[in-house]
$ cat upload15.cif   # mmCIF, C-alpha atoms
data_start
#
loop_
_atom_site.group_PDB
_atom_site.id
_atom_site.type_symbol
_atom_site.label_atom_id
_atom_site.label_comp_id
_atom_site.auth_asym_id
_atom_site.auth_seq_id
_atom_site.Cartn_x
_atom_site.Cartn_y
_atom_site.Cartn_z
ATOM 1 C CA MET A 76 -10.020 -10.132 9.743
ATOM 2 C CA ARG A 77 -8.027 -12.689 7.724
ATOM 3 C CA GLN A 78 -8.721 -13.311 4.047
ATOM 4 C CA ASP A 79 -9.425 -17.003 4.667
ATOM 5 C CA GLU A 80 -12.147 -15.931 7.102
ATOM 6 C CA ILE A 81 -13.781 -13.741 4.456
ATOM 7 C CA TRP A 82 -13.677 -16.239 1.593
ATOM 8 C CA ASP A 83 -15.309 -19.081 3.489
ATOM 9 C CA ALA A 84 -17.676 -21.819 2.306
ATOM 10 C CA ALA A 85 -20.807 -19.689 2.571
ATOM 11 C CA THR A 86 -19.214 -16.885 0.554
ATOM 12 C CA ALA A 87 -17.967 -19.297 -2.100
ATOM 13 C CA LEU A 88 -21.437 -20.789 -2.552
ATOM 14 C CA SER A 89 -23.042 -17.367 -2.993
ATOM 15 C CA TYR A 90 -20.229 -15.700 -4.957
ATOM 16 C CA ASP A 91 -21.361 -16.492 -8.495
ATOM 17 C CA THR A 92 -24.204 -14.412 -9.940
ATOM 18 C CA PRO A 93 -24.525 -15.781 -13.485
ATOM 19 C CA GLY A 94 -25.528 -13.126 -15.985
ATOM 20 C CA THR A 95 -25.631 -10.266 -13.464
ATOM 21 C CA GLY A 96 -23.207 -8.063 -11.517
ATOM 22 C CA MET A 97 -19.596 -8.882 -12.236
ATOM 23 C CA PHE A 98 -20.786 -11.922 -14.221
ATOM 24 C CA ALA A 99 -22.873 -9.795 -16.625
ATOM 25 C CA PRO A 100 -21.722 -10.261 -20.243
ATOM 26 C CA GLU A 101 -21.084 -6.545 -20.682
ATOM 27 C CA VAL A 102 -18.715 -6.664 -17.687
ATOM 28 C CA LEU A 103 -17.052 -10.029 -18.202
ATOM 29 C CA ASP A 104 -16.734 -10.370 -21.989
ATOM 30 C CA PRO A 105 -14.512 -7.296 -22.565
ATOM 31 C CA ALA A 106 -12.154 -8.453 -19.793
ATOM 32 C CA VAL A 107 -11.839 -11.922 -21.296
ATOM 33 C CA ASP A 108 -11.368 -10.493 -24.798
ATOM 34 C CA ARG A 109 -8.570 -8.192 -23.664
ATOM 35 C CA LEU A 110 -6.794 -10.835 -21.585
ATOM 36 C CA ALA A 111 -6.908 -13.326 -24.458
ATOM 37 C CA GLU A 112 -5.270 -10.685 -26.647
ATOM 38 C CA LEU A 113 -2.586 -9.912 -24.065
ATOM 39 C CA ALA A 114 -1.755 -13.597 -23.565
ATOM 40 C CA ASP A 115 -0.403 -13.402 -27.108
ATOM 41 C CA GLY A 116 -0.687 -17.132 -27.753
ATOM 42 C CA GLY A 117 0.958 -18.141 -24.466
ATOM 43 C CA SER A 118 -0.133 -19.375 -21.062
ATOM 44 C CA ALA A 119 -1.782 -17.214 -18.392
ATOM 45 C CA LEU A 120 -1.648 -17.269 -14.605
ATOM 46 C CA GLU A 121 -4.447 -15.743 -12.526
ATOM 47 C CA PHE A 122 -3.631 -14.562 -9.029
ATOM 48 C CA ALA A 123 -6.650 -15.089 -6.742
ATOM 49 C CA ILE A 124 -8.519 -17.145 -9.319
ATOM 50 C CA GLY A 125 -11.559 -17.534 -7.054
ATOM 51 C CA THR A 126 -14.415 -19.532 -8.561
ATOM 52 C CA GLY A 127 -13.105 -19.055 -12.087
ATOM 53 C CA ARG A 128 -15.230 -16.091 -13.150
ATOM 54 C CA VAL A 129 -12.558 -14.999 -15.643
ATOM 55 C CA ALA A 130 -10.433 -18.135 -15.933
ATOM 56 C CA VAL A 131 -13.183 -20.467 -17.167
ATOM 57 C CA PRO A 132 -14.252 -18.359 -20.176
ATOM 58 C CA LEU A 133 -10.610 -17.490 -20.896
ATOM 59 C CA ALA A 134 -9.704 -21.188 -21.002
ATOM 60 C CA GLU A 135 -12.688 -21.755 -23.293
ATOM 61 C CA ARG A 136 -11.065 -19.265 -25.691
ATOM 62 C CA GLY A 137 -8.078 -21.597 -25.914
ATOM 63 C CA VAL A 138 -5.757 -19.807 -23.466
ATOM 64 C CA PRO A 139 -4.072 -22.271 -21.063
ATOM 65 C CA VAL A 140 -4.859 -20.893 -17.591
ATOM 66 C CA THR A 141 -3.362 -21.776 -14.203
ATOM 67 C CA GLY A 142 -4.481 -20.242 -10.917
ATOM 68 C CA ILE A 143 -3.299 -19.407 -7.427
ATOM 69 C CA GLU A 144 -6.003 -19.156 -4.753
ATOM 70 C CA LEU A 145 -5.903 -18.795 -0.970
ATOM 71 C CA SER A 146 -9.433 -20.072 -0.256
ATOM 72 C CA GLN A 147 -10.097 -23.799 -0.525
ATOM 73 C CA PRO A 148 -13.896 -23.257 -0.639
ATOM 74 C CA MET A 149 -13.434 -20.998 -3.673
ATOM 75 C CA ILE A 150 -11.290 -23.666 -5.331
ATOM 76 C CA ASP A 151 -13.956 -26.264 -4.574
ATOM 77 C CA GLN A 152 -16.547 -24.098 -6.294
ATOM 78 C CA LEU A 153 -14.261 -23.686 -9.315
ATOM 79 C CA ARG A 154 -13.976 -27.464 -9.486
ATOM 80 C CA THR A 155 -17.704 -27.674 -10.241
ATOM 81 C CA LYS A 156 -16.912 -25.897 -13.541
ATOM 82 C CA ALA A 157 -13.460 -27.118 -14.554
ATOM 83 C CA ASP A 158 -11.239 -29.996 -13.440
ATOM 84 C CA GLU A 159 -7.587 -29.853 -12.429
ATOM 85 C CA THR A 160 -6.408 -30.837 -15.892
ATOM 86 C CA THR A 161 -8.340 -28.035 -17.557
ATOM 87 C CA ILE A 162 -7.417 -25.314 -15.030
ATOM 88 C CA PRO A 163 -4.683 -26.292 -12.553
ATOM 89 C CA VAL A 164 -4.801 -24.381 -9.263
ATOM 90 C CA VAL A 165 -2.163 -24.043 -6.547
ATOM 91 C CA ALA A 166 -3.504 -23.288 -3.065
ATOM 92 C CA GLY A 167 -1.719 -20.370 -1.438
ATOM 93 C CA ASP A 168 -1.093 -16.650 -1.078
ATOM 94 C CA MET A 169 -0.774 -14.723 -4.349
ATOM 95 C CA ALA A 170 2.151 -12.689 -2.978
ATOM 96 C CA THR A 171 4.436 -15.649 -2.307
ATOM 97 C CA THR A 172 3.044 -18.882 -3.803
ATOM 98 C CA THR A 173 4.565 -20.193 -7.021
ATOM 99 C CA ALA A 174 2.947 -22.126 -9.845
ATOM 100 C CA GLY A 175 5.418 -23.777 -12.148
ATOM 101 C CA PRO A 176 9.017 -22.894 -13.017
ATOM 102 C CA PRO A 177 10.215 -19.297 -13.451
ATOM 103 C CA GLY A 178 9.253 -17.729 -16.770
ATOM 104 C CA ALA A 179 6.500 -20.235 -17.549
ATOM 105 C CA PHE A 180 3.809 -17.669 -18.464
ATOM 106 C CA ARG A 181 3.242 -14.887 -20.963
ATOM 107 C CA LEU A 182 0.542 -13.247 -18.859
ATOM 108 C CA VAL A 183 -0.214 -12.843 -15.159
ATOM 109 C CA TYR A 184 -3.418 -11.050 -14.239
ATOM 110 C CA LEU A 185 -5.099 -9.816 -11.071
ATOM 111 C CA VAL A 186 -8.592 -8.397 -11.498
ATOM 112 C CA PHE A 187 -11.500 -6.761 -9.656
ATOM 113 C CA ASN A 188 -9.460 -4.831 -7.056
ATOM 114 C CA THR A 189 -7.974 -7.997 -5.572
ATOM 115 C CA ILE A 190 -4.444 -6.651 -5.066
ATOM 116 C CA SER A 191 -5.976 -4.384 -2.410
ATOM 117 C CA ASN A 192 -6.760 -7.505 -0.348
ATOM 118 C CA LEU A 193 -3.051 -7.475 0.536
ATOM 119 C CA LEU A 194 -3.061 -5.118 3.496
ATOM 120 C CA THR A 195 0.509 -3.796 3.536
ATOM 121 C CA GLN A 196 2.614 -2.020 0.955
ATOM 122 C CA ALA A 197 5.344 -4.630 1.438
ATOM 123 C CA GLU A 198 2.950 -7.466 0.546
ATOM 124 C CA GLN A 199 1.774 -5.594 -2.538
ATOM 125 C CA VAL A 200 5.356 -5.058 -3.723
ATOM 126 C CA THR A 201 6.056 -8.757 -3.107
ATOM 127 C CA CYS A 202 3.040 -9.585 -5.273
ATOM 128 C CA PHE A 203 4.581 -7.670 -8.172
ATOM 129 C CA ARG A 204 7.843 -9.523 -7.696
ATOM 130 C CA ASN A 205 5.986 -12.826 -7.636
ATOM 131 C CA ALA A 206 4.328 -11.926 -10.939
ATOM 132 C CA ALA A 207 7.721 -11.068 -12.438
ATOM 133 C CA ARG A 208 9.116 -14.427 -11.344
ATOM 134 C CA HIS A 209 6.399 -16.274 -13.252
ATOM 135 C CA LEU A 210 6.722 -14.303 -16.494
ATOM 136 C CA ALA A 211 8.896 -14.899 -19.515
ATOM 137 C CA PRO A 212 10.907 -11.864 -20.715
ATOM 138 C CA GLY A 213 8.511 -9.381 -22.276
ATOM 139 C CA GLY A 214 5.541 -10.911 -20.423
ATOM 140 C CA ARG A 215 2.738 -8.791 -19.028
ATOM 141 C CA PHE A 216 1.160 -8.275 -15.609
ATOM 142 C CA VAL A 217 -2.382 -6.851 -15.761
ATOM 143 C CA ILE A 218 -4.108 -5.230 -12.782
ATOM 144 C CA GLU A 219 -7.708 -3.999 -12.585
ATOM 145 C CA LEU A 220 -8.082 -1.619 -9.659
ATOM 146 C CA GLY A 221 -10.293 1.165 -8.399
ATOM 147 C CA VAL A 222 -9.015 4.704 -7.907
ATOM 148 C CA PRO A 223 -9.206 5.780 -4.233
ATOM 149 C CA GLU A 224 -12.277 7.972 -3.816
ATOM 150 C CA LEU A 225 -10.990 10.247 -1.078
ATOM 151 C CA ARG A 226 -12.454 13.309 -2.790
ATOM 152 C CA GLN A 227 -15.822 12.035 -1.553
ATOM 153 C CA LEU A 228 -14.626 12.075 2.052
ATOM 154 C CA PRO A 229 -15.265 15.490 3.675
ATOM 155 C CA PRO A 230 -12.889 16.615 6.452
ATOM 156 C CA GLY A 231 -13.736 14.893 9.703
ATOM 157 C CA GLN A 232 -15.852 12.189 8.037
ATOM 158 C CA GLN A 233 -14.691 8.566 7.947
ATOM 159 C CA ALA A 234 -17.408 6.810 5.927
ATOM 160 C CA VAL A 235 -18.880 7.037 2.428
ATOM 161 C CA VAL A 236 -21.930 5.255 1.009
ATOM 162 C CA PHE A 237 -20.793 3.648 -2.249
ATOM 163 C CA GLY A 238 -23.873 1.635 -3.218
ATOM 164 C CA THR A 239 -27.605 1.536 -2.597
ATOM 165 C CA GLU A 240 -30.293 -0.624 -4.151
ATOM 166 C CA PRO A 241 -33.368 -2.459 -2.858
ATOM 167 C CA GLY A 242 -32.230 -4.765 -0.064
ATOM 168 C CA TYR A 243 -28.613 -3.574 -0.123
ATOM 169 C CA LEU A 244 -26.437 -0.801 1.331
ATOM 170 C CA GLY A 245 -22.671 -0.494 0.835
ATOM 171 C CA VAL A 246 -20.501 1.694 3.071
ATOM 172 C CA ASP A 247 -16.730 2.220 3.003
ATOM 173 C CA THR A 248 -14.930 3.369 6.160
ATOM 174 C CA TYR A 249 -11.495 4.924 5.685
ATOM 175 C CA ASP A 250 -8.225 5.083 7.587
ATOM 176 C CA PRO A 251 -6.283 7.577 5.406
ATOM 177 C CA LEU A 252 -3.180 7.429 7.610
ATOM 178 C CA ASN A 253 -2.601 3.757 6.730
ATOM 179 C CA GLN A 254 -4.365 3.774 3.328
ATOM 180 C CA HIS A 255 -6.871 1.257 4.674
ATOM 181 C CA LEU A 256 -10.573 0.969 4.074
ATOM 182 C CA VAL A 257 -13.194 -1.550 5.108
ATOM 183 C CA SER A 258 -16.140 -2.224 2.803
ATOM 184 C CA HIS A 259 -19.341 -2.992 4.723
ATOM 185 C CA HIS A 260 -22.053 -4.816 2.760
ATOM 186 C CA PHE A 261 -25.490 -4.729 4.418
ATOM 187 C CA ARG A 262 -28.138 -7.008 2.888
ATOM 188 C CA TYR A 263 -31.731 -6.938 4.093
ATOM 189 C CA THR A 264 -34.353 -9.657 3.789
ATOM 190 C CA GLU A 265 -38.074 -9.081 3.269
ATOM 191 C CA ASP A 266 -38.764 -9.959 6.910
ATOM 192 C CA GLY A 267 -36.518 -7.119 8.107
ATOM 193 C CA GLN A 268 -33.430 -9.148 8.973
ATOM 194 C CA ALA A 269 -30.008 -7.726 8.102
ATOM 195 C CA ARG A 270 -26.784 -9.539 7.228
ATOM 196 C CA LEU A 271 -23.392 -7.824 7.305
ATOM 197 C CA ALA A 272 -20.277 -8.830 5.397
ATOM 198 C CA ARG A 273 -17.023 -6.885 5.639
ATOM 199 C CA SER A 274 -13.817 -6.879 3.623
ATOM 200 C CA PRO A 275 -10.628 -4.946 4.464
ATOM 201 C CA HIS A 276 -8.446 -3.367 1.774
ATOM 202 C CA ARG A 277 -5.301 -1.293 1.364
ATOM 203 C CA TYR A 278 -5.990 1.180 -1.411
ATOM 204 C CA ILE A 279 -3.249 2.150 -3.868
ATOM 205 C CA TRP A 280 -2.811 5.289 -5.930
ATOM 206 C CA PRO A 281 -1.937 4.698 -9.625
ATOM 207 C CA ALA A 282 1.462 6.400 -9.245
ATOM 208 C CA GLU A 283 2.250 4.202 -6.228
ATOM 209 C CA LEU A 284 1.279 1.135 -8.241
ATOM 210 C CA ASP A 285 3.662 2.229 -11.013
ATOM 211 C CA LEU A 286 6.517 2.510 -8.518
ATOM 212 C CA MET A 287 5.777 -0.983 -7.212
ATOM 213 C CA ALA A 288 5.994 -2.190 -10.797
ATOM 214 C CA GLN A 289 9.371 -0.491 -11.320
ATOM 215 C CA LEU A 290 10.760 -2.143 -8.191
ATOM 216 C CA ALA A 291 9.873 -5.524 -9.718
ATOM 217 C CA GLY A 292 11.366 -4.775 -13.151
ATOM 218 C CA PHE A 293 8.173 -3.737 -14.985
ATOM 219 C CA GLY A 294 7.343 -0.699 -17.063
ATOM 220 C CA LEU A 295 3.852 0.660 -17.609
ATOM 221 C CA GLU A 296 2.733 -0.258 -21.132
ATOM 222 C CA THR A 297 -0.867 1.023 -21.119
ATOM 223 C CA ARG A 298 -3.476 2.329 -18.706
ATOM 224 C CA HIS A 299 -7.157 2.644 -19.592
ATOM 225 C CA ALA A 300 -10.322 3.399 -17.658
ATOM 226 C CA ASP A 301 -11.861 0.016 -18.502
ATOM 227 C CA TRP A 302 -11.372 -3.208 -20.445
ATOM 228 C CA GLN A 303 -12.755 -1.621 -23.626
ATOM 229 C CA GLY A 304 -9.822 0.793 -23.777
ATOM 230 C CA SER A 305 -11.537 4.026 -22.736
ATOM 231 C CA GLU A 306 -9.225 6.926 -21.927
ATOM 232 C CA PHE A 307 -8.053 7.104 -18.316
ATOM 233 C CA THR A 308 -8.687 10.589 -16.910
ATOM 234 C CA ALA A 309 -8.765 12.406 -13.585
ATOM 235 C CA GLU A 310 -12.455 11.485 -13.327
ATOM 236 C CA SER A 311 -11.993 7.738 -13.928
ATOM 237 C CA GLY A 312 -13.172 5.556 -11.057
ATOM 238 C CA SER A 313 -10.981 2.590 -11.932
ATOM 239 C CA HIS A 314 -8.237 1.533 -14.292
ATOM 240 C CA VAL A 315 -6.838 -1.446 -16.152
ATOM 241 C CA SER A 316 -3.057 -1.164 -16.101
ATOM 242 C CA VAL A 317 -0.788 -3.331 -18.234
ATOM 243 C CA TYR A 318 2.817 -3.683 -17.062
ATOM 244 C CA ARG A 319 5.460 -5.303 -19.225
ATOM 245 C CA LEU A 320 8.581 -7.093 -18.042
ATOM 246 C CA ALA A 321 11.776 -6.085 -19.774
ATOM 247 C CA ASP A 322 12.972 -8.259 -22.647
ATOM 248 C CA CYS A 323 16.316 -9.979 -22.289
ATOM 249 C CA ALA A 324 19.197 -7.972 -23.705
#

$ encode --input "upload15.cif" --output "structure tokens"
Amino acid sequence: MRQDEIWDAATALSYDTPGTGMFAPEVLDPAVDRLAELADGGSALEFAIGTGRVAVPLAERGVPVTGIELSQPMIDQLRTKADETTIPVVAGDMATTTAGPPGAFRLVYLVFNTISNLLTQAEQVTCFRNAARHLAPGGRFVIELGVPELRQLPPGQQAVVFGTEPGYLGVDTYDPLNQHLVSHHFRYTEDGQARLARSPHRYIWPAELDLMAQLAGFGLETRHADWQGSEFTAESGSHVSVYRLADCA
């Protein structure tokens, strides 16, 4: 399943959930606050900008934001909120596409598990190198990513239910040999009909992510359990990791 097949027109139209889910103020506001701080008065580049969930409020804070996005329908939806002058977007793959000259940004960010949409380790390493290319010396690359939940997977079992609520069931199926999982989202209507959406991922351990960063010239600056700065522990389900590019000698 290709990413452009997942992020199609129907998905783009239904992606935004204003005020709820990932668009809830308690979820979104701390992320925007932290990213505005990390931009440090400079420009920011969002890999996989989508419909502008983060980029639009960040630009409203006065941070110049540019985006890279693979899905044209997602870009079209973003354009209903901000024009090309306000938030320029380059269509393409976040691992290889460039936006502007080398060193043009103080911050590159990649949120909500999106680096796992790259399905090979090589592509994920290339993504780090692409971020480094765009950053000025001392610039930061921020990744929000879940911690693989393999402790929930008993021996011999390949699937875990990760979410249940009225009208919805979420199931992850794992391929531990290749560090792959597929998230299955089942949504049920009142008349008993079911709709299935699937998304493939390559999950990454925090230590593996740190090694990818080193290969691209980054060092880990901070790692927290969330955007508010909570301590990252062995029980944390996700992390916000800030990598910093070396300053020029």

$ residues_around --input "upload15.cif" --residues "A:Arg136" --least-positions-apart "2" --cutoff "9 Å" --atoms "only C-alpha atoms" --output "list in words"
Val107, Asp108, Ala111, Val131, Pro132, Leu133, Ala134, Val138 and Pro139 of chain A

$ write_last_selection --input "upload15.cif" --atoms "C-alpha atoms" --output "short mmCIF file (atom, residue, chain, number, x, y, z; two decimals), in the coordinates of the input"
data_model
loop_
_atom_site.label_atom_id
_atom_site.label_comp_id
_atom_site.auth_asym_id
_atom_site.auth_seq_id
_atom_site.Cartn_x
_atom_site.Cartn_y
_atom_site.Cartn_z
CA VAL A 107 -11.84 -11.92 -21.30
CA ASP A 108 -11.37 -10.49 -24.80
CA ALA A 111 -6.91 -13.33 -24.46
CA VAL A 131 -13.18 -20.47 -17.17
CA PRO A 132 -14.25 -18.36 -20.18
CA LEU A 133 -10.61 -17.49 -20.90
CA ALA A 134 -9.70 -21.19 -21.00
CA VAL A 138 -5.76 -19.81 -23.47
CA PRO A 139 -4.07 -22.27 -21.06
#

$ atom_distance --input "upload15.cif" --atom1 "atom CA of A:Phe216" --atom2 "atom CA of A:Ala197"
17.9 Å

$ closest_residue --input "upload15.cif" --among "A:Arg128, A:His314, A:Arg109, A:Arg208" --to "A:Val222" --atoms "only C-alpha atoms"
A:His314

$ residues_near_point --input "upload15.cif" --point "(7.6, -7.3, -16.5)" --cutoff "9 Å" --atoms "all atoms listed in the file" --output "PyMOL selection string"
chain A and resi 203+206-208+210-216+288-289+291-295+318-322

$ write_last_selection --input "upload15.cif" --atoms "C-alpha atoms" --output "PDB file, in the coordinates of the input"
ATOM      1  CA  PHE A 203       4.581  -7.670  -8.172  1.00  0.00           C
ATOM      2  CA  ALA A 206       4.328 -11.926 -10.939  1.00  0.00           C
ATOM      3  CA  ALA A 207       7.721 -11.068 -12.438  1.00  0.00           C
ATOM      4  CA  ARG A 208       9.116 -14.427 -11.344  1.00  0.00           C
ATOM      5  CA  LEU A 210       6.722 -14.303 -16.494  1.00  0.00           C
ATOM      6  CA  ALA A 211       8.896 -14.899 -19.515  1.00  0.00           C
ATOM      7  CA  PRO A 212      10.907 -11.864 -20.715  1.00  0.00           C
ATOM      8  CA  GLY A 213       8.511  -9.381 -22.276  1.00  0.00           C
ATOM      9  CA  GLY A 214       5.541 -10.911 -20.423  1.00  0.00           C
ATOM     10  CA  ARG A 215       2.738  -8.791 -19.028  1.00  0.00           C
ATOM     11  CA  PHE A 216       1.160  -8.275 -15.609  1.00  0.00           C
ATOM     12  CA  ALA A 288       5.994  -2.190 -10.797  1.00  0.00           C
ATOM     13  CA  GLN A 289       9.371  -0.491 -11.320  1.00  0.00           C
ATOM     14  CA  ALA A 291       9.873  -5.524  -9.718  1.00  0.00           C
ATOM     15  CA  GLY A 292      11.366  -4.775 -13.151  1.00  0.00           C
ATOM     16  CA  PHE A 293       8.173  -3.737 -14.985  1.00  0.00           C
ATOM     17  CA  GLY A 294       7.343  -0.699 -17.063  1.00  0.00           C
ATOM     18  CA  LEU A 295       3.852   0.660 -17.609  1.00  0.00           C
ATOM     19  CA  TYR A 318       2.817  -3.683 -17.062  1.00  0.00           C
ATOM     20  CA  ARG A 319       5.460  -5.303 -19.225  1.00  0.00           C
ATOM     21  CA  LEU A 320       8.581  -7.093 -18.042  1.00  0.00           C
ATOM     22  CA  ALA A 321      11.776  -6.085 -19.774  1.00  0.00           C
ATOM     23  CA  ASP A 322      12.972  -8.259 -22.647  1.00  0.00           C
TER      24      ASP A 322
END

$ resolve_selection --input "upload15.cif" --expression "the PyMOL selection byres ((chain A and resi 141-147) around 8)" --output "PyMOL selection string"
chain A and resi 78-79+82-83+118-125+139-140+148-151+162-169+172-174

$ resolve_selection --input "upload15.cif" --expression "the PyMOL selection byres ((chain A and resi 89-100) around 10)" --output "JSON list (two decimals) with C-alpha atoms, keeping the file's coordinate frame"
[["chain", "number", "residue", "atom", "x", "y", "z"],
["A", 82, "TRP", "CA", -13.68, -16.24, 1.59],
["A", 84, "ALA", "CA", -17.68, -21.82, 2.31],
["A", 85, "ALA", "CA", -20.81, -19.69, 2.57],
["A", 86, "THR", "CA", -19.21, -16.89, 0.55],
["A", 87, "ALA", "CA", -17.97, -19.30, -2.10],
["A", 88, "LEU", "CA", -21.44, -20.79, -2.55],
["A", 101, "GLU", "CA", -21.08, -6.54, -20.68],
["A", 102, "VAL", "CA", -18.72, -6.66, -17.69],
["A", 103, "LEU", "CA", -17.05, -10.03, -18.20],
["A", 104, "ASP", "CA", -16.73, -10.37, -21.99],
["A", 105, "PRO", "CA", -14.51, -7.30, -22.56],
["A", 106, "ALA", "CA", -12.15, -8.45, -19.79],
["A", 125, "GLY", "CA", -11.56, -17.53, -7.05],
["A", 126, "THR", "CA", -14.42, -19.53, -8.56],
["A", 127, "GLY", "CA", -13.10, -19.06, -12.09],
["A", 128, "ARG", "CA", -15.23, -16.09, -13.15],
["A", 129, "VAL", "CA", -12.56, -15.00, -15.64],
["A", 149, "MET", "CA", -13.43, -21.00, -3.67],
["A", 152, "GLN", "CA", -16.55, -24.10, -6.29],
["A", 187, "PHE", "CA", -11.50, -6.76, -9.66]]

$ closest_residue --input "upload15.cif" --among "A:Ser258, A:Gly221, A:Leu194, A:Arg181" --to "A:Phe307" --atoms "only C-alpha atoms"
A:Gly221

$ resolve_selection --input "upload15.cif" --expression "the PyMOL selection byres ((chain A and resi 242) around 9)" --output "number ranges by chain"
A: 239-241, 243-244, 261-265, 269

$ decode --input "upload15.cif" --residues "stretch 211-229 of chain A" --atoms "N, CA and C atoms" --output "JSON list (two decimals), in the first residue's frame"
[["chain", "number", "residue", "atom", "x", "y", "z"],
["A", 211, "ALA", "N", 20.38, 25.29, 9.29],
["A", 211, "ALA", "CA", 21.58, 26.07, 9.56],
["A", 211, "ALA", "C", 22.37, 25.40, 10.68],
["A", 212, "PRO", "N", 23.67, 25.66, 10.81],
["A", 212, "PRO", "CA", 24.43, 25.09, 11.92],
["A", 212, "PRO", "C", 23.76, 25.41, 13.26],
["A", 213, "GLY", "N", 23.66, 24.40, 14.11],
["A", 213, "GLY", "CA", 23.00, 24.56, 15.39],
["A", 213, "GLY", "C", 21.49, 24.43, 15.33],
["A", 214, "GLY", "N", 20.94, 24.19, 14.12],
["A", 214, "GLY", "CA", 19.49, 24.03, 13.98],
["A", 214, "GLY", "C", 19.00, 22.72, 14.57],
["A", 215, "ARG", "N", 17.70, 22.64, 14.74],
["A", 215, "ARG", "CA", 17.11, 21.48, 15.43],
["A", 215, "ARG", "C", 16.14, 20.72, 14.53],
["A", 216, "PHE", "N", 16.13, 19.40, 14.75],
["A", 216, "PHE", "CA", 15.18, 18.49, 14.10],
["A", 216, "PHE", "C", 14.37, 17.84, 15.22],
["A", 217, "VAL", "N", 13.05, 18.02, 15.19],
["A", 217, "VAL", "CA", 12.17, 17.54, 16.25],
["A", 217, "VAL", "C", 11.29, 16.42, 15.70],
["A", 218, "ILE", "N", 11.25, 15.30, 16.43],
["A", 218, "ILE", "CA", 10.44, 14.15, 16.03],
["A", 218, "ILE", "C", 9.53, 13.76, 17.19],
["A", 219, "GLU", "N", 8.24, 13.61, 16.90],
["A", 219, "GLU", "CA", 7.27, 13.06, 17.84],
["A", 219, "GLU", "C", 6.95, 11.64, 17.36],
["A", 220, "LEU", "N", 7.14, 10.66, 18.25],
["A", 220, "LEU", "CA", 7.03, 9.27, 17.81],
["A", 220, "LEU", "C", 6.62, 8.38, 18.97],
["A", 221, "GLY", "N", 5.78, 7.40, 18.66],
["A", 221, "GLY", "CA", 5.40, 6.42, 19.66],
["A", 221, "GLY", "C", 6.51, 5.42, 19.94],
["A", 222, "VAL", "N", 6.48, 4.86, 21.15],
["A", 222, "VAL", "CA", 7.41, 3.80, 21.53],
["A", 222, "VAL", "C", 6.77, 2.47, 21.13],
["A", 223, "PRO", "N", 7.49, 1.59, 20.42],
["A", 223, "PRO", "CA", 6.91, 0.30, 20.04],
["A", 223, "PRO", "C", 6.35, -0.44, 21.25],
["A", 224, "GLU", "N", 5.14, -0.95, 21.11],
["A", 224, "GLU", "CA", 4.44, -1.56, 22.24],
["A", 224, "GLU", "C", 4.49, -3.09, 22.17],
["A", 225, "LEU", "N", 5.66, -3.62, 21.93],
["A", 225, "LEU", "CA", 5.79, -5.07, 21.77],
["A", 225, "LEU", "C", 5.59, -5.82, 23.08],
["A", 226, "ARG", "N", 5.68, -5.13, 24.21],
["A", 226, "ARG", "CA", 5.42, -5.82, 25.48],
["A", 226, "ARG", "C", 3.97, -6.26, 25.58],
["A", 227, "GLN", "N", 3.09, -5.66, 24.77],
["A", 227, "GLN", "CA", 1.69, -6.06, 24.76],
["A", 227, "GLN", "C", 1.42, -7.26, 23.85],
["A", 228, "LEU", "N", 2.44, -7.72, 23.16],
["A", 228, "LEU", "CA", 2.27, -8.78, 22.17],
["A", 228, "LEU", "C", 2.74, -10.11, 22.76],
["A", 229, "PRO", "N", 1.82, -10.96, 23.22],
["A", 229, "PRO", "CA", 2.23, -12.25, 23.78],
["A", 229, "PRO", "C", 2.88, -13.13, 22.71]]
